[in-house]
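run-v4.pdb (PDB, C-alpha atoms and all ligand atoms)
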ATOM      1  CA  MET N   1      14.357 -22.345  -0.110
ATOM      2  CA  SER N   2      16.862 -19.642  -1.104
ATOM      3  CA  PRO N   3      19.588 -18.965   1.502
ATOM      4  CA  ASN N   4      19.057 -15.249   0.808
ATOM      5  CA  PRO N   5      16.656 -14.043   3.557
ATOM      6  CA  PHE N   6      15.434 -11.249   1.274
ATOM      7  CA  SER N   7      14.507 -13.599  -1.585
ATOM      8  CA  LEU N   8      10.803 -13.841  -2.452
ATOM      9  CA  GLU N   9      11.276 -16.753  -4.839
ATOM     10  CA  GLY N  10       8.204 -19.015  -4.907
ATOM     11  CA  GLN N  11       6.045 -16.372  -3.177
ATOM     12  CA  CYS N  12       2.866 -14.776  -4.556
ATOM     13  CA  ALA N  13       1.937 -11.186  -3.745
ATOM     14  CA  LEU N  14      -1.417  -9.447  -4.128
ATOM     15  CA  VAL N  15      -0.875  -5.683  -4.487
ATOM     16  CA  THR N  16      -3.827  -3.291  -4.603
ATOM     17  CA  GLY N  17      -3.516  -0.245  -6.857
ATOM     18  CA  ALA N  18      -0.564  -1.783  -8.699
ATOM     19  CA  ASN N  19      -1.443  -0.341 -12.118
ATOM     20  CA  VAL N  20       0.317   3.010 -11.460
ATOM     21  CA  GLY N  21       2.379   4.974  -8.938
ATOM     22  CA  LEU N  22       3.624   3.516  -5.691
ATOM     23  CA  GLY N  23       1.719   0.238  -6.121
ATOM     24  CA  GLN N  24       3.344  -0.382  -9.487
ATOM     25  CA  ALA N  25       6.828   0.321  -8.065
ATOM     26  CA  ILE N  26       6.160  -2.019  -5.116
ATOM     27  CA  ALA N  27       4.893  -4.760  -7.456
ATOM     28  CA  VAL N  28       7.991  -4.468  -9.652
ATOM     29  CA  ALA N  29      10.339  -4.533  -6.632
ATOM     30  CA  LEU N  30       8.611  -7.668  -5.258
ATOM     31  CA  ALA N  31       8.866  -9.289  -8.714
ATOM     32  CA  GLN N  32      12.573  -8.421  -8.912
ATOM     33  CA  ALA N  33      13.001 -10.201  -5.568
ATOM     34  CA  GLY N  34      11.296 -13.280  -7.020
ATOM     35  CA  ALA N  35       7.535 -12.987  -6.358
ATOM     36  CA  ASP N  36       4.659 -13.572  -8.766
ATOM     37  CA  ILE N  37       2.182 -10.692  -8.690
ATOM     38  CA  ALA N  38      -1.585 -10.236  -8.695
ATOM     39  CA  SER N  39      -2.842  -6.662  -8.900
ATOM     40  CA  VAL N  40      -6.212  -5.086  -8.062
ATOM     41  CA  SER N  41      -7.362  -1.829  -9.652
ATOM     42  CA  ARG N  42     -10.338  -0.356 -11.477
ATOM     43  CA  ARG N  43      -8.341   0.345 -14.643
ATOM     44  CA  ARG N  44      -6.374  -2.403 -16.363
ATOM     45  CA  ALA N  45      -2.804  -2.992 -15.175
ATOM     46  CA  ASP N  46      -1.253  -3.963 -18.524
ATOM     47  CA  ASP N  47       1.895  -1.847 -18.040
ATOM     48  CA  THR N  48       2.570  -3.458 -14.679
ATOM     49  CA  GLY N  49       1.913  -6.873 -16.213
ATOM     50  CA  GLN N  50       4.584  -6.206 -18.822
ATOM     51  CA  LEU N  51       7.100  -5.006 -16.235
ATOM     52  CA  VAL N  52       6.480  -8.031 -13.984
ATOM     53  CA  ARG N  53       6.687 -10.528 -16.848
ATOM     54  CA  ALA N  54       9.937  -8.859 -18.008
ATOM     55  CA  GLU N  55      11.368  -9.961 -14.645
ATOM     56  CA  GLY N  56      10.380 -13.540 -15.500
ATOM     57  CA  ARG N  57       7.455 -13.624 -13.038
ATOM     58  CA  ARG N  58       3.781 -14.442 -13.481
ATOM     59  CA  PHE N  59       1.169 -11.667 -13.391
ATOM     60  CA  HIS N  60      -2.601 -11.623 -12.991
ATOM     61  CA  GLY N  61      -4.695  -8.453 -13.043
ATOM     62  CA  VAL N  62      -7.972  -8.342 -11.098
ATOM     63  CA  GLU N  63     -10.291  -5.493 -12.117
ATOM     64  CA  ALA N  64     -12.399  -4.435  -9.143
ATOM     65  CA  ASP N  65     -13.683  -1.263  -7.507
ATOM     66  CA  LEU N  66     -12.546  -1.406  -3.886
ATOM     67  CA  GLY N  67     -14.829   1.500  -3.051
ATOM     68  CA  GLY N  68     -17.877   0.146  -4.798
ATOM     69  CA  GLY N  69     -18.965  -3.251  -3.659
ATOM     70  CA  ALA N  70     -16.001  -5.415  -4.700
ATOM     71  CA  LYS N  71     -15.937  -8.550  -2.541
ATOM     72  CA  PRO N  72     -12.525  -8.959  -0.843
ATOM     73  CA  GLU N  73     -13.119 -12.715  -0.485
ATOM     74  CA  GLU N  74     -13.656 -13.040  -4.254
ATOM     75  CA  ILE N  75     -10.563 -10.937  -5.049
ATOM     76  CA  VAL N  76      -8.322 -13.129  -2.896
ATOM     77  CA  ALA N  77      -9.929 -16.288  -4.317
ATOM     78  CA  GLU N  78      -9.327 -15.063  -7.896
ATOM     79  CA  ALA N  79      -5.674 -14.272  -7.128
ATOM     80  CA  GLU N  80      -5.300 -17.750  -5.610
ATOM     81  CA  ARG N  81      -6.876 -19.422  -8.641
ATOM     82  CA  ALA N  82      -4.437 -17.549 -10.900
ATOM     83  CA  LEU N  83      -1.238 -17.855  -8.849
ATOM     84  CA  GLY N  84      -1.864 -20.655  -6.330
ATOM     85  CA  ARG N  85      -1.603 -18.710  -3.050
ATOM     86  CA  VAL N  86      -1.452 -15.219  -1.599
ATOM     87  CA  ASP N  87       1.632 -15.183   0.642
ATOM     88  CA  ILE N  88       1.983 -11.386   0.670
ATOM     89  CA  LEU N  89      -0.784  -8.774   0.660
ATOM     90  CA  VAL N  90       0.045  -5.100   0.037
ATOM     91  CA  ASN N  91      -2.833  -2.740   0.828
ATOM     92  CA  ASN N  92      -1.725   0.189  -1.309
ATOM     93  CA  ALA N  93      -4.816   1.464  -3.189
ATOM     94  CA  GLY N  94      -5.826   4.858  -1.900
ATOM     95  CA  ILE N  95      -7.519   8.133  -2.751
ATOM     96  CA  ILE N  96      -7.563  11.634  -1.276
ATOM     97  CA  ARG N  97     -10.235  14.367  -1.244
ATOM     98  CA  ARG N  98      -9.478  17.966  -0.239
ATOM     99  CA  ALA N  99     -11.818  20.496   1.436
ATOM    100  CA  ASP N 100     -11.893  22.620   4.587
ATOM    101  CA  ALA N 101     -13.240  20.648   7.547
ATOM    102  CA  VAL N 102     -16.269  22.963   7.820
ATOM    103  CA  ASP N 103     -17.259  22.136   4.226
ATOM    104  CA  PHE N 104     -16.221  18.456   4.125
ATOM    105  CA  THR N 105     -19.021  16.337   2.635
ATOM    106  CA  GLU N 106     -20.230  12.924   3.748
ATOM    107  CA  GLU N 107     -19.571  11.697   0.190
ATOM    108  CA  ASP N 108     -15.873  12.711   0.438
ATOM    109  CA  TRP N 109     -15.687  11.126   3.884
ATOM    110  CA  ASP N 110     -17.201   7.785   2.848
ATOM    111  CA  ALA N 111     -15.348   7.498  -0.490
ATOM    112  CA  VAL N 112     -11.926   7.803   1.145
ATOM    113  CA  ILE N 113     -12.663   5.670   4.203
ATOM    114  CA  ASP N 114     -14.176   2.916   2.015
ATOM    115  CA  VAL N 115     -11.103   2.527  -0.231
ATOM    116  CA  ASN N 116      -8.266   3.433   2.143
ATOM    117  CA  LEU N 117      -9.455   1.729   5.322
ATOM    118  CA  LYS N 118     -12.488  -0.548   4.926
ATOM    119  CA  ALA N 119     -11.230  -2.352   1.817
ATOM    120  CA  ALA N 120      -7.768  -2.724   3.406
ATOM    121  CA  PHE N 121      -9.272  -4.306   6.531
ATOM    122  CA  PHE N 122     -11.543  -6.771   4.734
ATOM    123  CA  LEU N 123      -8.817  -7.755   2.244
ATOM    124  CA  SER N 124      -6.526  -8.352   5.227
ATOM    125  CA  GLN N 125      -9.248 -10.479   6.806
ATOM    126  CA  ALA N 126      -9.758 -12.548   3.619
ATOM    127  CA  ALA N 127      -6.025 -13.049   2.988
ATOM    128  CA  GLY N 128      -5.168 -13.271   6.705
ATOM    129  CA  LYS N 129      -7.511 -16.233   7.328
ATOM    130  CA  ARG N 130      -5.677 -18.254   4.708
ATOM    131  CA  MET N 131      -2.247 -17.124   5.982
ATOM    132  CA  ILE N 132      -3.207 -18.136   9.535
ATOM    133  CA  ALA N 133      -4.304 -21.563   8.249
ATOM    134  CA  ARG N 134      -0.864 -21.983   6.585
ATOM    135  CA  GLY N 135       0.987 -20.567   9.600
ATOM    136  CA  ARG N 136       2.703 -17.785   7.674
ATOM    137  CA  GLY N 137       2.101 -14.654   5.623
ATOM    138  CA  LYS N 138       3.014 -10.997   5.282
ATOM    139  CA  ILE N 139       0.662  -8.037   5.157
ATOM    140  CA  ILE N 140       2.040  -4.592   4.305
ATOM    141  CA  ASN N 141      -0.175  -1.538   4.605
ATOM    142  CA  VAL N 142       0.695   1.690   2.827
ATOM    143  CA  ALA N 143       0.275   4.377   5.469
ATOM    144  CA  SER N 144       1.327   8.051   5.186
ATOM    145  CA  MET N 145       2.944  10.968   6.996
ATOM    146  CA  LEU N 146      -0.690  11.601   8.018
ATOM    147  CA  SER N 147      -0.553   8.401  10.058
ATOM    148  CA  PHE N 148       1.626  10.565  12.380
ATOM    149  CA  GLN N 149       0.632  14.155  11.598
ATOM    150  CA  GLY N 150      -2.670  15.983  11.203
ATOM    151  CA  GLY N 151      -2.443  17.575   7.762
ATOM    152  CA  VAL N 152      -4.941  20.234   6.616
ATOM    153  CA  ARG N 153      -8.033  20.045   4.389
ATOM    154  CA  VAL N 154      -7.848  16.230   4.150
ATOM    155  CA  ALA N 155     -10.078  15.097   7.030
ATOM    156  CA  SER N 156     -11.065  11.690   5.684
ATOM    157  CA  TYR N 157      -7.545  10.951   4.396
ATOM    158  CA  THR N 158      -5.950  11.723   7.779
ATOM    159  CA  ALA N 159      -8.620   9.633   9.528
ATOM    160  CA  SER N 160      -8.030   6.741   7.118
ATOM    161  CA  LYS N 161      -4.230   6.777   7.377
ATOM    162  CA  SER N 162      -4.209   7.256  11.155
ATOM    163  CA  GLY N 163      -6.745   4.418  11.277
ATOM    164  CA  MET N 164      -4.488   2.287   9.128
ATOM    165  CA  ALA N 165      -1.637   2.729  11.627
ATOM    166  CA  GLY N 166      -3.948   1.540  14.415
ATOM    167  CA  LEU N 167      -5.193  -1.359  12.327
ATOM    168  CA  THR N 168      -1.604  -2.393  11.559
ATOM    169  CA  ARG N 169      -0.886  -2.622  15.285
ATOM    170  CA  LEU N 170      -4.174  -4.388  16.093
ATOM    171  CA  LEU N 171      -3.707  -7.061  13.415
ATOM    172  CA  ALA N 172      -0.072  -7.517  14.472
ATOM    173  CA  ASN N 173      -1.228  -8.109  18.060
ATOM    174  CA  GLU N 174      -3.804 -10.699  16.975
ATOM    175  CA  TRP N 175      -1.769 -12.500  14.311
ATOM    176  CA  ALA N 176       1.932 -12.284  15.312
ATOM    177  CA  ALA N 177       1.777 -15.563  17.230
ATOM    178  CA  LYS N 178       0.072 -17.207  14.236
ATOM    179  CA  GLY N 179       3.032 -16.540  11.927
ATOM    180  CA  VAL N 180       1.507 -13.571  10.112
ATOM    181  CA  ASN N 181       3.484 -10.306  10.063
ATOM    182  CA  VAL N 182       1.452  -7.123   9.705
ATOM    183  CA  ASN N 183       3.468  -3.929   9.167
ATOM    184  CA  ALA N 184       3.183  -0.664   7.278
ATOM    185  CA  ILE N 185       5.294   1.593   5.112
ATOM    186  CA  ALA N 186       4.712   5.328   5.543
ATOM    187  CA  PRO N 187       5.809   7.099   2.364
ATOM    188  CA  GLY N 188       6.784  10.752   2.525
ATOM    189  CA  TYR N 189       6.157  13.092  -0.393
ATOM    190  CA  MET N 190       6.459  10.959  -3.538
ATOM    191  CA  THR N 191       6.163  11.854  -7.230
ATOM    192  CA  THR N 192       2.891  10.208  -8.372
ATOM    193  CA  ASP N 193      -0.470  11.316  -9.863
ATOM    194  CA  ASN N 194      -1.679  11.674  -6.273
ATOM    195  CA  THR N 195       0.732  14.600  -5.667
ATOM    196  CA  SER N 196       0.853  16.223  -9.129
ATOM    197  CA  ALA N 197      -1.321  19.169  -7.950
ATOM    198  CA  LEU N 198       1.046  19.832  -5.017
ATOM    199  CA  ARG N 199       4.104  19.737  -7.283
ATOM    200  CA  ALA N 200       2.428  22.064  -9.807
ATOM    201  CA  ASP N 201       1.841  24.680  -7.069
ATOM    202  CA  ARG N 202       5.250  26.461  -7.012
ATOM    203  CA  LYS N 203       4.815  27.861  -3.497
ATOM    204  CA  ARG N 204       3.697  24.558  -1.915
ATOM    205  CA  ASN N 205       6.340  22.658  -3.861
ATOM    206  CA  ALA N 206       9.108  24.944  -2.525
ATOM    207  CA  GLU N 207       7.733  24.715   1.050
ATOM    208  CA  ILE N 208       7.644  20.923   0.912
ATOM    209  CA  LEU N 209      11.103  20.589  -0.628
ATOM    210  CA  GLY N 210      12.535  22.987   1.950
ATOM    211  CA  ARG N 211      11.330  20.706   4.753
ATOM    212  CA  ILE N 212      12.636  17.394   3.367
ATOM    213  CA  PRO N 213      16.146  16.709   4.760
ATOM    214  CA  ALA N 214      17.002  14.626   1.671
ATOM    215  CA  GLY N 215      16.262  17.719  -0.447
ATOM    216  CA  ARG N 216      14.147  15.937  -3.052
ATOM    217  CA  TRP N 217      10.739  14.334  -3.552
ATOM    218  CA  GLY N 218      10.725  10.556  -3.207
ATOM    219  CA  GLU N 219      10.556   8.402  -6.340
ATOM    220  CA  PRO N 220       8.129   5.447  -6.292
ATOM    221  CA  SER N 221      11.131   3.101  -6.592
ATOM    222  CA  ASP N 222      12.410   4.454  -3.237
ATOM    223  CA  LEU N 223       9.787   2.214  -1.560
ATOM    224  CA  GLY N 224      11.056  -1.005  -3.144
ATOM    225  CA  GLY N 225      13.623  -1.946  -0.522
ATOM    226  CA  ALA N 226      11.235  -1.440   2.397
ATOM    227  CA  ALA N 227       8.528  -3.483   0.670
ATOM    228  CA  VAL N 228      10.879  -6.373  -0.148
ATOM    229  CA  PHE N 229      12.249  -6.367   3.406
ATOM    230  CA  LEU N 230       8.810  -6.436   5.055
ATOM    231  CA  ALA N 231       7.626  -9.161   2.626
ATOM    232  CA  SER N 232      10.668 -11.359   3.259
ATOM    233  CA  ARG N 233      11.904 -13.853   5.872
ATOM    234  CA  ALA N 234      14.333 -11.124   6.988
ATOM    235  CA  ALA N 235      11.335  -9.438   8.655
ATOM    236  CA  ASP N 236       9.956 -12.540  10.417
ATOM    237  CA  TYR N 237      10.328 -10.884  13.864
ATOM    238  CA  VAL N 238       9.034  -7.462  12.759
ATOM    239  CA  HIS N 239       5.413  -6.935  13.832
ATOM    240  CA  GLY N 240       3.253  -3.819  13.976
ATOM    241  CA  ALA N 241       5.980  -1.471  12.738
ATOM    242  CA  ILE N 242       5.265   1.605  10.660
ATOM    243  CA  LEU N 243       8.395   2.257   8.631
ATOM    244  CA  PRO N 244       8.760   5.809   7.305
ATOM    245  CA  VAL N 245      10.370   6.103   3.867
ATOM    246  CA  ASP N 246      10.272   9.876   3.801
ATOM    247  CA  GLY N 247      13.695  11.415   3.081
ATOM    248  CA  GLY N 248      13.833  12.328   6.777
ATOM    249  CA  TRP N 249      10.555  14.341   6.876
ATOM    250  CA  LEU N 250       9.514  12.981  10.295
ATOM    251  CA  ALA N 251      12.978  13.492  11.744
ATOM    252  CA  ARG N 252      12.763  17.211  11.084
TER     253      ARG N 252
HETATM  254  P1  LIG N 301      -2.142   7.048  -7.361
HETATM  255  O1  LIG N 301      -1.042   7.222  -8.342
HETATM  256  O2  LIG N 301      -3.284   8.006  -7.370
HETATM  257  O3  LIG N 301      -2.694   5.558  -7.452
HETATM  258  C1  LIG N 301      -3.778   5.144  -6.669
HETATM  259  C2  LIG N 301      -4.004   3.671  -6.894
HETATM  260  O4  LIG N 301      -5.129   3.244  -6.099
HETATM  261  C3  LIG N 301      -4.329   3.354  -8.338
HETATM  262  O5  LIG N 301      -3.726   2.156  -8.682
HETATM  263  C4  LIG N 301      -5.832   3.188  -8.309
HETATM  264  O6  LIG N 301      -6.337   2.318  -9.305
HETATM  265  C5  LIG N 301      -6.049   2.575  -6.943
HETATM  266  N1  LIG N 301      -7.425   2.824  -6.529
HETATM  267  C6  LIG N 301      -7.960   3.990  -6.148
HETATM  268  N2  LIG N 301      -9.281   3.837  -5.922
HETATM  269  C7  LIG N 301      -9.575   2.540  -6.175
HETATM  270  C8  LIG N 301     -10.761   1.771  -6.126
HETATM  271  N3  LIG N 301     -11.939   2.309  -5.781
HETATM  272  N4  LIG N 301     -10.704   0.460  -6.456
HETATM  273  C9  LIG N 301      -9.523  -0.107  -6.845
HETATM  274  N5  LIG N 301      -8.360   0.583  -6.899
HETATM  275  C10 LIG N 301      -8.388   1.885  -6.577
HETATM  276  O7  LIG N 301      -1.595   7.084  -5.861
HETATM  277  P2  LIG N 301      -0.161   6.804  -5.250
HETATM  278  O8  LIG N 301       0.488   8.101  -4.988
HETATM  279  O9  LIG N 301       0.565   5.750  -6.007
HETATM  280  O10 LIG N 301      -0.612   6.263  -3.818
HETATM  281  C11 LIG N 301      -0.645   4.887  -3.481
HETATM  282  C12 LIG N 301      -0.862   4.780  -1.979
HETATM  283  O11 LIG N 301       0.188   5.473  -1.309
HETATM  284  C13 LIG N 301      -2.159   5.420  -1.485
HETATM  285  O12 LIG N 301      -2.692   4.654  -0.431
HETATM  286  C14 LIG N 301      -1.704   6.770  -0.974
HETATM  287  O13 LIG N 301      -2.557   7.289   0.008
HETATM  288  C15 LIG N 301      -0.349   6.397  -0.395
HETATM  289  N6  LIG N 301       0.583   7.520  -0.248
HETATM  290  C16 LIG N 301       1.016   8.241  -1.329
HETATM  291  C17 LIG N 301       1.923   9.273  -1.125
HETATM  292  C18 LIG N 301       2.456  10.105  -2.254
HETATM  293  O14 LIG N 301       3.212  11.062  -1.980
HETATM  294  N7  LIG N 301       2.182   9.797  -3.507
HETATM  295  C19 LIG N 301       2.376   9.563   0.169
HETATM  296  C20 LIG N 301       1.904   8.809   1.232
HETATM  297  C21 LIG N 301       1.024   7.782   1.013
HETATM  298  P3  LIG N 301      -7.211   2.928 -10.548
HETATM  299  O15 LIG N 301      -6.195   3.659 -11.366
HETATM  300  O16 LIG N 301      -7.776   1.748 -11.234
HETATM  301  O17 LIG N 301      -8.232   3.840  -9.926
END

Just dump the structure as structure tokens.
Amino acid sequence: MSPNPFSLEGQCALVTGANVGLGQAIAVALAQAGADIASVSRRRADDTGQLVRAEGRRFHGVEADLGGGAKPEEIVAEAERALGRVDILVNNAGIIRRADAVDFTEEDWDAVIDVNLKAAFFLSQAAGKRMIARGRGKIINVASMLSFQGGVRVASYTASKSGMAGLTRLLANEWAAKGVNVNAIAPGYMTTDNTSALRADRKRNAEILGRIPAGRWGEPSDLGGAAVFLASRAADYVHGAILPVDGGWLAR
């Protein structure tokens, strides 16, 4: 075992939504720290595969629709067949739908809750069982500023991310004594496809930038350090924490 407590050498991480955006940046950071990577997304994750292999790590892409009947048990089993074990699970895949609360449809409610919350829980259950049997494992949920704040016009997203904060604490309570750490990262405003509409709206963009103490949008790579820390032995006594990586947004 490496004397470096932040090393992930010999570890295997399953990262959902690792083909683009924050998930890709997290996967690359974990690979740079030494982990092999399995990804789950609907579209292929060839770019991420290339980036991970360039770090000298193994990569396996699972194609599955987390909102449409994919079986979490089968996803974890496929990652295990490819890489041997899932030591680290990152529940990152997520979607957002926008409408006023009075007009919000059941379809937009269910779609977001299914991917952001239900899939994250049942993947945690499938991976967590195996981690408990081995007596160690790390689960990292990707939460949001809307795990702390209300937001507007994003009812199902706020419900899912606030729910994810609760789920992080519940799983930490149940699994901390079994050697499994469950924590979350709460990204602030980050430059990904998810936020391109906000950045294209000059007024909203200026309002958001004016409220971020760091004075800039976050880059996906800004999450790397937090992800490596929470996945590593350095975080063995960290349970149920929701770590903001937000340029100071919540401190404002
Ligand atoms: P993104 O660029 O839109 O990427 C979303 C990822 O989720 C993609 O990899 C996508 O895969 C995957 N995904 C979505 N629906 C899926 C489904 N049904 N089955 C399988 N995979 C699915 O978003 P992002 O900005 O990187 O966001 C990643 C996470 O961070 C999300 O949970 C988001 O809520 C959270 N977050 C983002 C920000 C931000 O400012 N960007 C801030 C706070 C929190 P496909 O391409 O195959 O659909």

Quiz item: Which neighbours of segment 115-132 of chain N fall inside 8 Å, counting only C-alpha atoms, when residues of the same chain fewer than 4 positions from it are skipped, and could you give them as a PyMOL selection string?
Solution: chain N and resi 66-67+72-73+76+86-87+89+91+93-95+111+136-137+139+141+157+160-161+163-164+167+175+178-180

Exercise. Kindly give the distance, in Å, that separates atom CA of Phe104 of chain N and atom CA of Thr195 of chain N, rounded to a single decimal.
Key: 20.0 Å

Quiz prompt | Contacts of ligand LIG 301 (chain N), 8 Å or closer, all atoms listed in the file, given as an NGL selection string | solution = :N and (16-24 or 40-45 or 63-68 or 91-96 or 115-116 or 142-146 or 157 or 161 or 186-195 or 218 or 220)

Output C-alpha atoms for every residue in the selection just made, as a PDB file, in the frame of the given file.
ATOM      1  CA  THR N  16      -3.827  -3.291  -4.603  1.00  0.00           C
ATOM      2  CA  GLY N  17      -3.516  -0.245  -6.857  1.00  0.00           C
ATOM      3  CA  ALA N  18      -0.564  -1.783  -8.699  1.00  0.00           C
ATOM      4  CA  ASN N  19      -1.443  -0.341 -12.118  1.00  0.00           C
ATOM      5  CA  VAL N  20       0.317   3.010 -11.460  1.00  0.00           C
ATOM      6  CA  GLY N  21       2.379   4.974  -8.938  1.00  0.00           C
ATOM      7  CA  LEU N  22       3.624   3.516  -5.691  1.00  0.00           C
ATOM      8  CA  GLY N  23       1.719   0.238  -6.121  1.00  0.00           C
ATOM      9  CA  GLN N  24       3.344  -0.382  -9.487  1.00  0.00           C
ATOM     10  CA  VAL N  40      -6.212  -5.086  -8.062  1.00  0.00           C
ATOM     11  CA  SER N  41      -7.362  -1.829  -9.652  1.00  0.00           C
ATOM     12  CA  ARG N  42     -10.338  -0.356 -11.477  1.00  0.00           C
ATOM     13  CA  ARG N  43      -8.341   0.345 -14.643  1.00  0.00           C
ATOM     14  CA  ARG N  44      -6.374  -2.403 -16.363  1.00  0.00           C
ATOM     15  CA  ALA N  45      -2.804  -2.992 -15.175  1.00  0.00           C
ATOM     16  CA  GLU N  63     -10.291  -5.493 -12.117  1.00  0.00           C
ATOM     17  CA  ALA N  64     -12.399  -4.435  -9.143  1.00  0.00           C
ATOM     18  CA  ASP N  65     -13.683  -1.263  -7.507  1.00  0.00           C
ATOM     19  CA  LEU N  66     -12.546  -1.406  -3.886  1.00  0.00           C
ATOM     20  CA  GLY N  67     -14.829   1.500  -3.051  1.00  0.00           C
ATOM     21  CA  GLY N  68     -17.877   0.146  -4.798  1.00  0.00           C
ATOM     22  CA  ASN N  91      -2.833  -2.740   0.828  1.00  0.00           C
ATOM     23  CA  ASN N  92      -1.725   0.189  -1.309  1.00  0.00           C
ATOM     24  CA  ALA N  93      -4.816   1.464  -3.189  1.00  0.00           C
ATOM     25  CA  GLY N  94      -5.826   4.858  -1.900  1.00  0.00           C
ATOM     26  CA  ILE N  95      -7.519   8.133  -2.751  1.00  0.00           C
ATOM     27  CA  ILE N  96      -7.563  11.634  -1.276  1.00  0.00           C
ATOM     28  CA  VAL N 115     -11.103   2.527  -0.231  1.00  0.00           C
ATOM     29  CA  ASN N 116      -8.266   3.433   2.143  1.00  0.00           C
ATOM     30  CA  VAL N 142       0.695   1.690   2.827  1.00  0.00           C
ATOM     31  CA  ALA N 143       0.275   4.377   5.469  1.00  0.00           C
ATOM     32  CA  SER N 144       1.327   8.051   5.186  1.00  0.00           C
ATOM     33  CA  MET N 145       2.944  10.968   6.996  1.00  0.00           C
ATOM     34  CA  LEU N 146      -0.690  11.601   8.018  1.00  0.00           C
ATOM     35  CA  TYR N 157      -7.545  10.951   4.396  1.00  0.00           C
ATOM     36  CA  LYS N 161      -4.230   6.777   7.377  1.00  0.00           C
ATOM     37  CA  ALA N 186       4.712   5.328   5.543  1.00  0.00           C
ATOM     38  CA  PRO N 187       5.809   7.099   2.364  1.00  0.00           C
ATOM     39  CA  GLY N 188       6.784  10.752   2.525  1.00  0.00           C
ATOM     40  CA  TYR N 189       6.157  13.092  -0.393  1.00  0.00           C
ATOM     41  CA  MET N 190       6.459  10.959  -3.538  1.00  0.00           C
ATOM     42  CA  THR N 191       6.163  11.854  -7.230  1.00  0.00           C
ATOM     43  CA  THR N 192       2.891  10.208  -8.372  1.00  0.00           C
ATOM     44  CA  ASP N 193      -0.470  11.316  -9.863  1.00  0.00           C
ATOM     45  CA  ASN N 194      -1.679  11.674  -6.273  1.00  0.00           C
ATOM     46  CA  THR N 195       0.732  14.600  -5.667  1.00  0.00           C
ATOM     47  CA  GLY N 218      10.725  10.556  -3.207  1.00  0.00           C
ATOM     48  CA  PRO N 220       8.129   5.447  -6.292  1.00  0.00           C
TER      49      PRO N 220
END

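Proximity of N:Leu209, N:Ala35, N:Val228, N:Ala25 to Asp246 of chain N, computed with all atoms listed in the file, is greatest for N:Leu209.
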
Self-check item: Atom pair atom CA of Glu80 of chain N / atom CA of Val62 of chain N: separation (Å)
Solution: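 Rounded to one decimal, the two atoms are 11.2 Å apart.
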
Practice problem: List the residues matched by the PyMOL selection byres (((chain N and resi 212) around 12) and not hetatm) in the displayed structure as a PyMOL selection string, ordered by chain and then by residue number. | Solution: chain N and resi 188-190+205-211+213-218+245-252

Exercise. Would you please work out which residue, of N:Leu14, N:Ala133, N:Ala101, N:Ala29, is nearest to Gly84 of chain N when using all atoms listed in the file?
Key: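 For Gly84 of chain N, the nearest of the candidates is N:Leu14.
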
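What the PyMOL selection byres (((chain N and resi 11) around 7) and not hetatm) picks from this file is Leu8, Glu9, Gly10, Cys12, Ala13, Ala35, Asp36 and Asp87 of chain N.
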
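Computed from the coordinates, the atom CA of Val28 of chain N to atom CA of Ala235 of chain N distance equals 19.3 Å.
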
Using the structure just given, write a file holding C-alpha atoms for segment 124-146 of chain N, as a short mmCIF file (atom, residue, chain, number, x, y, z; two decimals), in the first residue's frame.
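Done, and the output landed in part.cif:
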data_model
loop_
_atom_site.label_atom_id
_atom_site.label_comp_id
_atom_site.auth_asym_id
_atom_site.auth_seq_id
_atom_site.Cartn_x
_atom_site.Cartn_y
_atom_site.Cartn_z
CA SER N 124 -25.27 2.83 -3.72
CA GLN N 125 -27.20 -0.18 -2.45
CA ALA N 126 -25.68 -2.52 -5.08
CA ALA N 127 -22.11 -1.24 -4.58
CA GLY N 128 -22.56 -0.70 -0.83
CA LYS N 129 -23.49 -4.35 -0.16
CA ARG N 130 -20.21 -5.49 -1.66
CA MET N 131 -18.23 -2.76 0.16
CA ILE N 132 -19.82 -3.79 3.48
CA ALA N 133 -18.86 -7.42 2.79
CA ARG N 134 -15.23 -6.31 2.23
CA GLY N 135 -15.29 -3.92 5.20
CA ARG N 136 -14.36 -0.84 3.19
CA GLY N 137 -15.49 1.43 0.38
CA LYS N 138 -16.15 5.04 -0.56
CA ILE N 139 -19.33 6.51 -1.99
CA ILE N 140 -19.33 10.10 -3.24
CA ASN N 141 -22.58 11.76 -4.25
CA VAL N 142 -22.61 14.84 -6.45
CA ALA N 143 -24.99 17.23 -4.71
CA SER N 144 -25.55 20.92 -5.57
CA MET N 145 -26.04 24.40 -4.14
CA LEU N 146 -29.71 23.33 -4.27
#
